[in-house]
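**Student:** Dropping the structure in here first, questions after.
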Amino acid sequence: MRRALDLLSQYAEYHRDRRNIVTHFVGVPMIVFAVSVLLTRPSFTVGSLVLTPAWIAFGLSTLWYLSRGNLVLGASVSAAVGVLTLLAHQVAGGSVANWLTWGIGFFALGWVIQFLGHWYEGKKPAFVDDMVGLLVGPMFVTAEAMFALGWNKPLLAEIERRVGPTHIRDMAHPA
């Protein structure tokens, strides 16, 4: 079981260019939203609850986030993913065309934005080397937002000690 510090540090190795981080603030929520939209079908009833694969995935991811050794971060990213999952259920109703347009459209656009960020970074996405990066992405974006608000400066300092500070990569003279 890797802890939040280790996961965030590993992910941060692929995300030091500030332009890449900014694209992740847009692309990662779009992808989480899109996956949730696509997982809203089928639905089934258990007692008085209406469940979908999206809610099951949310529950499992919440357990994973809460078990990474940082309760505040785990609860925060779970709340963010929960809001995106709730919004996904709001837009996914109606026709199959509507459901697929929202799901596939946001998924594709989110990845285009992600790949633009990694072009600035000059590195491949983290999930290419470790599929857990697909779960760490929302945690990383949430942590970066919380760092920007002044939360847990020691955690940020330790991540930067391990992988270096953020920067703007010189595109004319890439390293």
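Note on naming: chains are A, B, ... as they come in the structure tokens, residues start from 1 per chain, ligands start from 1 in the order shown.
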With only C-alpha atoms counted and 9 Å as the cut-off, give the residues of region 5-119 of chain A in contact with region 136-155 of chain A, each with its shortest interatomic distance in Å and the pair that gives it, as a Markdown table.
**Tutor:**
```
| residue | atom | partner | partner_atom | distance |
| --- | --- | --- | --- | --- |
| A:Leu5 | CA | A:Leu155 | CA | 7.2 |
| A:Leu7 | CA | A:Val136 | CA | 6.8 |
| A:Leu8 | CA | A:Phe140 | CA | 6.1 |
| A:Tyr11 | CA | A:Val136 | CA | 7.2 |
| A:Ala12 | CA | A:Phe140 | CA | 7.9 |
| A:Ile21 | CA | A:Val141 | CA | 7.8 |
| A:His24 | CA | A:Val141 | CA | 6.8 |
| A:Phe25 | CA | A:Val141 | CA | 6.0 |
| A:Val28 | CA | A:Pro138 | CA | 6.3 |
| A:Pro29 | CA | A:Pro138 | CA | 7.2 |
| A:Val32 | CA | A:Pro138 | CA | 7.9 |
| A:Tyr65 | CA | A:Met139 | CA | 7.8 |
| A:Leu73 | CA | A:Ala143 | CA | 6.7 |
| A:Gly74 | CA | A:Met139 | CA | 7.6 |
| A:Ser76 | CA | A:Thr142 | CA | 7.1 |
| A:Val77 | CA | A:Met139 | CA | 5.7 |
| A:Ser78 | CA | A:Met139 | CA | 8.6 |
| A:Ala80 | CA | A:Thr142 | CA | 7.9 |
| A:Val81 | CA | A:Pro138 | CA | 7.8 |
```
**Student:** Within 12 Å of Lys124 (chain A), counting only C-alpha atoms, which residues show up once you throw out same-chain ones fewer than 2 positions away? Write them as a VMD selection string, please.
**Tutor:** chain A and resid 11 13 to 15 20 114 to 122 126 to 130 133
**Student:** Residues within 9 Å of Trp55 (chain A), please, as a ChimeraX atom specification. Count only C-alpha atoms; anything in the same chain fewer than 6 positions from it doesn't count.
**Tutor:** /A:36,39-40,82,85-86
**Student:** Residues of region 3-89 of chain A in strand (DSSP E) according to DSSP, as a list in words?
**Tutor:**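 Of region 3-89 of chain A, the ones in strand (DSSP E) are Phe44, Thr45, Val46, Leu49, Val50 and Leu51 of chain A.
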**Student:** Restricted to C-alpha atoms, what would the selected residues look like written as an mmCIF file, in the first residue's frame?
**Tutor:**
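That gives us again-v4.cif:
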```cif
data_model
loop_
_atom_site.group_PDB
_atom_site.id
_atom_site.type_symbol
_atom_site.label_atom_id
_atom_site.label_comp_id
_atom_site.auth_asym_id
_atom_site.auth_seq_id
_atom_site.Cartn_x
_atom_site.Cartn_y
_atom_site.Cartn_z
ATOM 1 C CA PHE A 44 -30.146 -1.306 -10.898
ATOM 2 C CA THR A 45 -32.080 -1.104 -7.666
ATOM 3 C CA VAL A 46 -30.918 -2.568 -4.382
ATOM 4 C CA LEU A 49 -31.083 2.596 -3.671
ATOM 5 C CA VAL A 50 -30.564 3.068 -7.370
ATOM 6 C CA LEU A 51 -26.998 2.017 -8.137
#
```
**Student:** Nearest to Ala4 (chain A): which of A:Leu135, A:Val91, A:Met30, A:Leu100 is it, counting only C-alpha atoms?
**Tutor:** A:Leu135
**Student:** What's around Ile104 (chain A) at 9 Å? Count only C-alpha atoms, leave out sequence neighbours fewer than 6 positions away in its own chain, and write the answer as a list in words.
**Tutor:**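 The contact residues come out as Ala34, Val35, Val37 and Leu38 of chain A.
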**Student:** Where in chain A does DSSP assign alpha helix (DSSP H), given as an MDAnalysis selection string?
**Tutor:** chainID A and resid 4:12 18:38 53:66 71:91 96:121 133:148 153:163
**Student:** Suppose you want the space between CA of Arg2 (chain A) and CA of Ile31 (chain A); what is it in Å?
**Tutor:**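 Computed distance, CA of Arg2 (chain A) to CA of Ile31 (chain A), equals 23.5 Å.
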**Student:** Figure out the distance between CA of Arg19 (chain A) and CA of Phe33 (chain A), please, to one decimal in Å.
**Tutor:** 21.6 Å
**Student:** Please compute the CA of Ser9 (chain A)-CA of Ala172 (chain A) distance, one decimal, in Å.
**Tutor:** 27.2 Å
**Student:** Tell me which of A:Leu134, A:Leu63, A:Met1, A:Val26 sits closest to Leu109 (chain A), counting only C-alpha atoms.
**Tutor:** A:Val26
**Student:** Which is closer to Val96 (chain A) than all the others in A:Pro42, A:Pro165, A:Gly69, A:Gly47, using only C-alpha atoms?
**Tutor:**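 Nearest to Val96 (chain A): A:Pro42.
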